Structure formats: C-alpha cells, structure tokens
file data29.cif (mmCIF, C-alpha atoms)
data_data
#
loop_
_atom_site.label_atom_id
_atom_site.label_comp_id
_atom_site.auth_asym_id
_atom_site.auth_seq_id
_atom_site.Cartn_x
_atom_site.Cartn_y
_atom_site.Cartn_z
CA MET A 27 -66.77 32.05 24.52
CA ALA A 28 -67.16 29.03 26.71
CA LYS A 29 -64.42 26.51 27.40
CA LYS A 30 -64.80 23.03 26.00
CA LYS A 31 -65.47 20.44 28.66
CA GLY A 32 -64.69 16.73 28.87
CA SER A 33 -62.53 14.78 26.43
CA ALA A 34 -62.87 17.42 23.71
CA HIS A 35 -60.72 19.87 25.67
CA ARG A 36 -56.96 19.26 25.31
CA THR A 37 -54.33 21.29 27.05
CA THR A 38 -51.41 22.76 25.17
CA GLU A 39 -49.09 20.20 26.79
CA GLN A 40 -51.31 17.33 25.64
CA GLN A 41 -51.42 18.70 22.09
CA LEU A 42 -47.63 19.08 22.16
CA ALA A 43 -47.23 15.49 23.39
CA ASP A 44 -49.49 14.26 20.57
CA ALA A 45 -47.46 16.21 18.00
CA GLU A 46 -44.19 14.79 19.36
CA ALA A 47 -45.59 11.26 19.24
CA LYS A 48 -46.65 11.78 15.62
CA LEU A 49 -43.21 13.22 14.77
CA ASN A 50 -41.48 10.23 16.39
CA ALA A 51 -43.70 7.84 14.43
CA LEU A 52 -42.78 9.62 11.18
CA ARG A 53 -39.09 9.49 12.05
CA GLU A 54 -39.36 5.76 12.75
CA LYS A 55 -41.13 5.22 9.42
CA ALA A 56 -38.39 7.16 7.59
CA ARG A 57 -35.72 5.08 9.35
CA ARG A 58 -37.42 1.81 8.33
CA GLU A 59 -37.70 3.01 4.72
CA ASP A 60 -34.00 3.97 4.69
CA THR A 61 -33.04 0.56 6.07
CA ARG A 62 -35.11 -1.17 3.40
CA ARG A 63 -33.45 0.89 0.64
CA ARG A 64 -30.02 -0.07 1.98
CA ILE A 65 -30.95 -3.76 2.05
CA LEU A 66 -32.19 -3.65 -1.54
CA ILE A 67 -29.09 -1.84 -2.81
CA GLY A 68 -26.83 -4.28 -0.99
CA SER A 69 -28.71 -7.25 -2.40
CA MET A 70 -28.45 -5.85 -5.93
CA LEU A 71 -24.70 -5.16 -5.61
CA LEU A 72 -23.98 -8.58 -4.10
CA GLY A 73 -25.95 -10.30 -6.88
CA LYS A 74 -23.99 -8.46 -9.56
CA ALA A 75 -20.67 -9.15 -7.83
CA GLU A 76 -21.39 -12.88 -7.50
CA ALA A 77 -21.91 -13.05 -11.26
CA ASP A 78 -18.56 -11.38 -12.04
CA ASP A 79 -15.26 -12.32 -10.36
CA ALA A 80 -13.67 -8.90 -10.90
CA LYS A 81 -16.65 -7.15 -9.33
CA MET A 82 -16.56 -9.53 -6.36
CA GLU A 83 -12.87 -8.86 -5.83
CA GLN A 84 -13.48 -5.11 -5.94
CA LEU A 85 -16.48 -5.40 -3.61
CA LEU A 86 -14.47 -7.40 -1.06
CA HIS A 87 -11.55 -4.98 -1.31
CA ASP A 88 -13.89 -2.03 -0.71
CA LEU A 89 -15.60 -3.85 2.13
CA ASP A 90 -12.25 -4.73 3.68
CA THR A 91 -11.22 -1.08 3.77
CA TRP A 92 -14.66 0.17 4.85
CA LEU A 93 -15.30 -2.21 7.76
CA ALA A 94 -13.00 -1.62 10.70
CA SER A 95 -10.81 -4.45 11.94
CA GLY A 96 -12.63 -6.49 14.52
CA HIS A 97 -16.03 -5.11 13.49
CA ARG A 98 -18.74 -7.52 14.57
CA ASP A 99 -20.22 -7.76 11.05
CA ARG A 100 -16.97 -8.87 9.38
CA ARG A 101 -17.89 -12.42 10.41
CA LEU A 102 -20.72 -12.29 7.84
CA TRP A 103 -18.09 -12.29 5.09
CA LEU A 104 -15.93 -15.20 6.31
CA ASP A 105 -17.40 -17.47 3.61
CA TYR A 106 -16.10 -14.99 1.02
CA GLY A 107 -12.60 -15.00 2.50
CA LEU A 108 -12.73 -11.67 4.30
CA GLY A 109 -10.94 -12.16 7.60
CA PRO A 110 -11.85 -10.65 10.95
CA ILE A 111 -8.88 -8.30 10.65
CA ARG A 112 -8.63 -5.65 7.94
CA GLY A 113 -6.30 -6.69 5.13
CA LEU A 114 -5.36 -9.86 6.95
CA TYR A 115 -1.56 -9.90 6.58
CA GLY A 116 -1.82 -7.96 3.34
CA ALA A 117 -3.20 -10.97 1.48
CA THR A 118 -5.30 -10.32 -1.58
CA LEU A 119 -8.46 -12.16 -2.45
CA HIS A 120 -9.01 -14.04 -5.66
CA PRO A 121 -11.68 -16.48 -6.83
CA SER A 122 -11.14 -20.19 -6.47
CA LYS A 123 -13.53 -22.47 -8.30
CA GLN A 124 -13.36 -25.16 -5.63
CA GLN A 125 -13.51 -23.09 -2.47
CA GLY A 126 -15.08 -19.75 -3.40
CA TRP A 127 -13.12 -16.69 -2.37
CA VAL A 128 -9.87 -17.47 -0.64
CA PHE A 129 -6.67 -15.73 0.27
CA GLY A 130 -4.54 -16.21 -2.80
CA ARG A 131 -0.94 -15.81 -1.85
CA GLU A 132 1.37 -17.04 0.81
CA LEU A 133 2.64 -14.68 3.42
CA PRO A 134 5.88 -12.98 2.49
CA PRO A 135 8.82 -13.80 4.72
CA ALA A 136 9.47 -11.33 7.47
CA VAL A 137 12.17 -8.97 6.31
CA ALA A 138 14.05 -7.36 9.13
CA PRO A 139 17.52 -5.92 8.85
CA MET A 140 20.22 -8.11 10.31
CA ARG A 141 21.49 -6.73 13.60
CA ASP A 142 24.49 -7.52 15.71
CA ARG A 143 24.17 -8.44 19.36
CA TYR A 144 24.18 -4.75 20.32
CA GLY A 145 21.23 -3.92 18.06
CA ASN A 146 23.24 -2.15 15.35
CA PRO A 147 22.35 -2.89 11.69
CA CYS A 148 24.78 -5.19 9.89
CA ASP A 149 25.85 -4.64 6.28
#

call {"tool": "encode", "arguments": {"input": "data29.cif", "output": "structure tokens"}}
result
Amino acid sequence: MAKKKGSAHRTTEQQLADAEAKLNALREKARREDTRRRILIGSMLLGKAEADDAKMEQLLHDLDTWLASGHRDRRLWLDYGLGPIRGLYGATLHPSKQQGWVFGRELPPAVAPMRDRYGNPCD
C-alpha cells in the first residue's frame, strides 16, 4: 500500500490539531449558547419583577445576598437602590412611586454599652 502524497496526506499530529480546533470551536459555541440562555432568563425575571413590587423586592434581596460586596456589577443596580456594599447598613428596599426603588428606613442609632473611662461597662 502506497503512502498518500501531497496535501492529502496528514500526519497524526495534524489530525490531532484539527480535532482539538474543532473541539474548541464546539466548546465556544456551547459557551455562547449558555450565555444567551442566561440573558433570556434574566430578562424574563426582571420583566416579571418590574411588574410586581413584591417580586422586585425579593429579586433585589436575593441579588444583594448573591453579589459580593464591592462586586463590579453591583453598579448596574444602583438605579434600583442596590448599593455597592452588600446590605448597605442593613437597610431594606421598598418601592417608591416617585423615585423607584430606594432605601426605606433611616439608620438605627448606634447602640454601644456605656463605658466608664477605664473601659468597663456601666449599669
């Protein structure tokens, strides 16, 4: 049996490189499809939440606990009242007809036990 000559002959390494390139292309396609699914689900959930105040409050609460404090994408939610820090001072969110979603309560006063000048708690 004679060897193939010219461009028809491909070494094992070349065939392996072609297979890896095809595998990488399929992985990239799967990643793009997954990203698109996530975008569509997010769009659907946001649309439903914007139509119902209770759902929006729950969505923002879940988002607040899911996104880490200081996460770069928290800024995308500033218009909805989600601060750059998780649970910003423990404030809860509620709908406001004039301003959209805002922090709804004032900060509680700092409660620290009274101490004498030596640092001992006072009664």

call {"tool": "atom_distance", "arguments": {"input": "data29.cif", "atom1": "atom CA of Pro110 of chain A", "atom2": "atom CA of Ser95 of chain A"}}
result
6.4 Å

call {"tool": "atom_distance", "arguments": {"input": "data29.cif", "atom1": "atom CA of His97 of chain A", "atom2": "atom CA of Gly109 of chain A"}}
result
10.5 Å

call {"tool": "atom_distance", "arguments": {"input": "data29.cif", "atom1": "atom CA of Leu102 of chain A", "atom2": "atom CA of Arg57 of chain A"}}
result
23.0 Å

call {"tool": "closest_residue", "arguments": {"input": "data29.cif", "among": "A:Ile111, A:Leu72, A:Cys148, A:Ala51", "to": "Gln84 of chain A", "atoms": "all atoms listed in the file"}}
result
A:Leu72

call {"tool": "closest_residue", "arguments": {"input": "data29.cif", "among": "A:Tyr106, A:Arg141, A:Asn50, A:Leu85", "to": "Gly68 of chain A", "atoms": "only C-alpha atoms"}}
result
A:Leu85
